[in-house]
Amino acid sequence: MSTVDLTLPTSRRYFMRQVGIGMLFALNSCASAAKLNNSGYWAGTAKQGGFYWLIIFDAQGQVQRQIKLPSRGHGLQQSTRGQLVVCSRRPGVWMLLLQNPLAKPQWLGVTLISRLSGHCCFSSNGELLYSAENNVQLAQGCIGVWDAHSGMRLHQWLSQGIGPHEIQLSHDGTHLWVANGGILTQPKHGREKLNLATMAPNISYLRLSDGTLTQQYSIDESQLSLRHIAVNWRNQVAVACQYQGPAHVRKTLLLLISGGHINYLSCDPKTTIGLNNYLGSVAFDISGEWLSASSPRGHRVVVWRLVQGVEPIYHQSLAITDACGLSASNGLGGFIISTGTGQIYHYAAITKTLSAIETGDHSANDFSWDNHLLPKQLC
Amino acid sequence: MVKKCTSSHLIPIIFAALTWFIIIPSHANLLVSNNEVKAWVDQYVLPSYKNLHQANLHLQTHAGGLCDAKSLHQLDKMQPHFSKALEAMAYSQAIDGGPMQDELRNFQLYFWPDRNNLVNKQLAKLIDESNLQVLQELGLEHASVALAGYPALERLLFEPYYRQTVIQDQEKFGCYYIVTITNNLVRITAAINEDWSAKWRAQLVGPSVSNSRFKKPADQVSFIFSNIDVLLTKIITKKLAKPLASKVTKAKPKRLESWRSSNSLIMLKANARGLTDSLNITLKPALIRAGETPHWHQISNHLSLIQQKLDQLPRPLVTHLSEPQHWLAVNALQEQFIQLQAKLRELYPRLNVHLGFNAYDGD
């Protein structure tokens, strides 16, 4: 059964429209359930009508379910068993766990001491869930470990840095890649950055059996916050950064960890300037040879190719207004791109073709798509 | 013969009407049309950059003879042309995106606010070292943005210390540097005009998936109103909030922009004109077409009040901001800008305008 959480009407028209959307979902629910059970799904979070939502699509890109969120969401992850988790934006206090796309929502909460920082991920067997957190008392990053069925918190480790943001499983599921962005925040100061002069971002590689640090990567640009990561089957890690220094100074924002080294992926100066010191998301395609990163502040998506998985070659820069959400599509070199202006695109890197995806739902264009999309190819 | 209208006939009509009522967004007719986008580009964007370029050309012309007869009087003669250029730039600030952002042109033209006092530091070092590389062709393109535009020129034309340095320098480095800055300003605004004419105009008025910048009408209107919102935010948080501080005794007049040349108020007035013209061209017809004239009246009222308050402020603002009555007046002006921004933001969802959801507030 598809679900729409109706909110209190703010106006007659708004109410009627929401009711209308609900009716359409209800009429469609049986077919939707069958579709979602028999084939894959993908998802994103969005703002619409002053509220925040999880939107679940079927494999054809049709909106099948929407769940109202208590506040703005951020990262999404799907397990190999089809579980789905959405993490609240930092400083966050909730995670939404679904055992399958049609399941009843499980709301997981954290204590006021450990605030969620926007991303979480499942273990390879879907038994455990890991969340990136900021421990307010320690002023240190932590990784929360949860039972992915009951939603019970089991224990926690240090993230080995300040301000952990995105976390991803290693290629073989034995380790956790952690992007410790380096930025200290405290809930009483909201999202204010408290340590820009002393930032020390790093990428840490933690052993999942006990949380031990096995490797750590850092760079000489201390104000380059290492925030978002994507991992391919070779265990290469693409790192998307946000520069916290002066706005008139522009830095290379995309890095690649490969073969034990961390390297900058430099674009031409014009593109580097155009990225506006801010990347919002990064993704590999299904082959792990194509890499894309989005800059909503620069209204751009840059695409790279790792030739034979080794030599990175800059491929193309796309100008797309407020583009941020990125995920691999089913095709080789294919990416789904979502925007804050309500658009969803498919980009085929091999043919350099960008095409709009119609979501089928008239109201979908009203969504402001948030930072991240769930990878479609995992379905 | 007239057919009887039975309830069974009415049901599909009612259903169809209800469906239309439900499916069609209530604000479907509130969209800014492509004609208004074109009008904004042709009546506001292109003319404002053309004027800015003309102002820079005048500045360049008046700098041309400076090194042959350098004197305080010659520097004085350049001042009104400098002020005209700043005013033209402020008028254009309701469009700060597009070509203005390419190659960091916005920073090269006008590096402000300058939180770390970079212009003073870089300028003192440059004058001390008389670095001739800066005077080479495209020398400023490769120099610090703090040395490339109006803020550095303002100090050279208006600050007594730098004025004397320029006049007394036997090697004429200072006056050649002034000429170089004016050349650089002309180069930048020529490039902005060229980019708008050659590429950006056509791209902004013709959205399509094959368009390399604007794919959908929503991208067009979001671009326009994001620019307007950026200027409002800049006025509220930087141009007014920083100098005002929390109370009159803490006011910081030297946080006003271009206070050295007494152009703070002139620039605010030009900003207000740019906002007024942009909203008149884009939002007014859309609201009136949608039968939402009262909303336009509210916005128009905010704009009028802003204008009135600006007209009542004394010049130069830098010498009056710390006076209680004028501090209160500037505070009231800031409040008017805040209310205007809030009113516009209230309307944006109905205009299908998304103010850079991730661009403004990503993570």
# chains A, B, ... in the order shown; residues from 1 in each chain; ligands from 1
call {"tool": "closest_atom_pairs", "arguments": {"of": "chain B", "to": "chain A", "cutoff": "8 Å", "atoms": "only C-alpha atoms", "output": "Markdown table"}}
result
| residue | atom | partner | partner_atom | distance |
| --- | --- | --- | --- | --- |
| B:Thr19 | CA | A:Gly20 | CA | 7.7 |
| B:Phe21 | CA | A:Arg17 | CA | 7.6 |
| B:Ile22 | CA | A:Arg17 | CA | 4.7 |
| B:Ile23 | CA | A:Arg17 | CA | 6.7 |
| B:Pro25 | CA | A:Arg17 | CA | 7.4 |
| B:Ser26 | CA | A:Arg13 | CA | 6.4 |
| B:Gln101 | CA | A:Gly274 | CA | 7.9 |
| B:Asp102 | CA | A:Gly274 | CA | 6.9 |
| B:Glu103 | CA | A:Lys270 | CA | 6.5 |
| B:Leu104 | CA | A:His248 | CA | 7.0 |
| B:Phe107 | CA | A:His248 | CA | 6.4 |
| B:Val145 | CA | A:His248 | CA | 7.5 |
| B:Val209 | CA | A:Ser355 | CA | 6.6 |
| B:Ser210 | CA | A:Leu354 | CA | 7.8 |
| B:Ser212 | CA | A:Ala319 | CA | 5.9 |
| B:Arg213 | CA | A:Ala319 | CA | 5.0 |
| B:Phe214 | CA | A:Ile320 | CA | 7.0 |
| B:Lys215 | CA | A:Ile320 | CA | 7.4 |
| B:Ala218 | CA | A:Thr341 | CA | 6.6 |
| B:Asp219 | CA | A:Thr321 | CA | 6.1 |
| B:Ser222 | CA | A:Thr341 | CA | 7.6 |
| B:Pro349 | CA | A:Gly49 | CA | 7.8 |
| B:Asn352 | CA | A:Asp366 | CA | 7.1 |
| B:Val353 | CA | A:Thr341 | CA | 7.4 |
| B:His354 | CA | A:Thr341 | CA | 5.2 |
| B:Leu355 | CA | A:Thr341 | CA | 7.8 |
| B:Gly356 | CA | A:Asp322 | CA | 5.7 |
| B:Phe357 | CA | A:Gly340 | CA | 5.0 |
| B:Asn358 | CA | A:Pro296 | CA | 5.8 |
| B:Ala359 | CA | A:Arg297 | CA | 4.3 |
| B:Tyr360 | CA | A:Arg297 | CA | 7.2 |
| B:Gly362 | CA | A:Asn371 | CA | 6.6 |
| B:Asp363 | CA | A:Gly280 | CA | 6.8 |
call {"tool": "select_by_dssp", "arguments": {"residues": "stretch 65-254 of chain B", "states": "helix (DSSP H, G or I)", "output": "ChimeraX atom specification"}}
result
/B:72-94,98-100,102-109,118-129,132-135,145-147,150-158,160-168,173-205,217-244,248-250,253-254
call {"tool": "closest_residue", "arguments": {"among": "B:Ile228, B:Leu268, B:Leu321, B:Lys216", "to": "A:Ile344", "atoms": "only C-alpha atoms"}}
result
B:Lys216
call {"tool": "atom_distance", "arguments": {"atom1": "atom CA of B:Leu244", "atom2": "atom CA of B:Val230"}}
result
19.6 Å
call {"tool": "residues_around", "arguments": {"residues": "A:Gly173", "least_positions_apart": "2", "cutoff": "9 Å", "atoms": "only C-alpha atoms", "output": "number ranges by chain"}}
result
A: 123-125, 169-171, 175-176, 208
call {"tool": "residues_around", "arguments": {"residues": "B:His73", "least_positions_apart": "4", "cutoff": "12 Å", "atoms": "only C-alpha atoms", "output": "PyMOL selection string"}}
result
chain B and resi 62+66+69+77-79+157-158+163-164+167
call {"tool": "write_last_selection", "arguments": {"atoms": "N, CA and C atoms", "output": "compact mmCIF listing (two decimals), in the first residue's frame"}}
result
# COMPACT_ATOMS: atom_id res chain seq x y z
N HIS B 62 39.76 59.22 -18.81
CA HIS B 62 40.26 60.26 -17.92
C HIS B 62 41.55 59.85 -17.22
N LEU B 66 46.82 60.97 -17.23
CA LEU B 66 47.24 61.20 -15.85
C LEU B 66 48.76 61.24 -15.69
N ALA B 69 50.63 64.49 -16.77
CA ALA B 69 50.48 65.68 -15.92
C ALA B 69 49.87 65.28 -14.60
N LYS B 77 39.72 65.11 -10.77
CA LYS B 77 38.86 65.05 -11.97
C LYS B 77 38.40 63.62 -12.28
N MET B 78 39.16 62.66 -11.82
CA MET B 78 38.75 61.26 -12.07
C MET B 78 37.65 60.80 -11.10
N GLN B 79 37.57 61.47 -9.96
CA GLN B 79 36.68 60.98 -8.90
C GLN B 79 35.21 60.83 -9.33
N LEU B 157 42.59 57.08 -5.51
CA LEU B 157 41.95 58.35 -5.88
C LEU B 157 41.47 59.16 -4.69
N PHE B 158 41.17 58.50 -3.58
CA PHE B 158 40.52 59.23 -2.48
C PHE B 158 41.33 59.28 -1.19
N ARG B 163 47.14 59.23 -2.57
CA ARG B 163 47.13 60.33 -3.55
C ARG B 163 48.51 61.00 -3.59
N GLN B 164 49.03 61.27 -2.42
CA GLN B 164 50.36 61.89 -2.36
C GLN B 164 51.42 60.97 -2.96
N ILE B 167 51.31 61.14 -6.70
CA ILE B 167 51.81 62.41 -7.24
C ILE B 167 53.33 62.55 -7.09
call {"tool": "residues_around", "arguments": {"residues": "A:Asp147", "least_positions_apart": "2", "cutoff": "10 Å", "atoms": "only C-alpha atoms", "output": "list of chain:residue names"}}
result
A:Phe122, A:Gly126, A:Glu127, A:Leu128, A:Leu129, A:Tyr130, A:Val145, A:His149, A:Ser150, A:Gly151, A:Met152, A:Arg153, A:Leu154, A:His155
call {"tool": "write_last_selection", "arguments": {"atoms": "C-alpha atoms", "output": "PDB file, in the first residue's frame"}}
result
ATOM      1  CA  PHE A 122      24.399  -0.872   6.025  1.00  0.00           C
ATOM      2  CA  GLY A 126      22.151  -5.880   5.944  1.00  0.00           C
ATOM      3  CA  GLU A 127      22.337  -6.961   9.592  1.00  0.00           C
ATOM      4  CA  LEU A 128      23.978  -3.795  10.883  1.00  0.00           C
ATOM      5  CA  LEU A 129      23.592  -0.135  10.260  1.00  0.00           C
ATOM      6  CA  TYR A 130      26.359   2.447  10.761  1.00  0.00           C
ATOM      7  CA  VAL A 145      26.470   0.817  15.248  1.00  0.00           C
ATOM      8  CA  HIS A 149      16.253  -5.037  11.998  1.00  0.00           C
ATOM      9  CA  SER A 150      15.249  -3.989  15.477  1.00  0.00           C
ATOM     10  CA  GLY A 151      16.767  -0.516  15.185  1.00  0.00           C
ATOM     11  CA  MET A 152      18.504  -0.993  18.539  1.00  0.00           C
ATOM     12  CA  ARG A 153      21.752   0.870  19.102  1.00  0.00           C
ATOM     13  CA  LEU A 154      24.552  -1.589  19.862  1.00  0.00           C
ATOM     14  CA  HIS A 155      27.711   0.441  20.398  1.00  0.00           C
TER      15      HIS A 155
END
call {"tool": "select_by_dssp", "arguments": {"residues": "stretch 251-345 of chain A", "states": "strand (DSSP E)", "output": "PyMOL selection string"}}
result
chain A and resi 254-258+261-264+281-284+290-295+300-307+311-319+323-328+334-339+344-345
call {"tool": "atom_distance", "arguments": {"atom1": "atom CA of B:Arg350", "atom2": "atom CA of A:Ala43"}}
result
25.4 Å
call {"tool": "closest_residue", "arguments": {"among": "B:Arg115, B:Arg260, B:Lys309, B:Lys247", "to": "B:Ala146", "atoms": "only C-alpha atoms"}}
result
B:Arg115
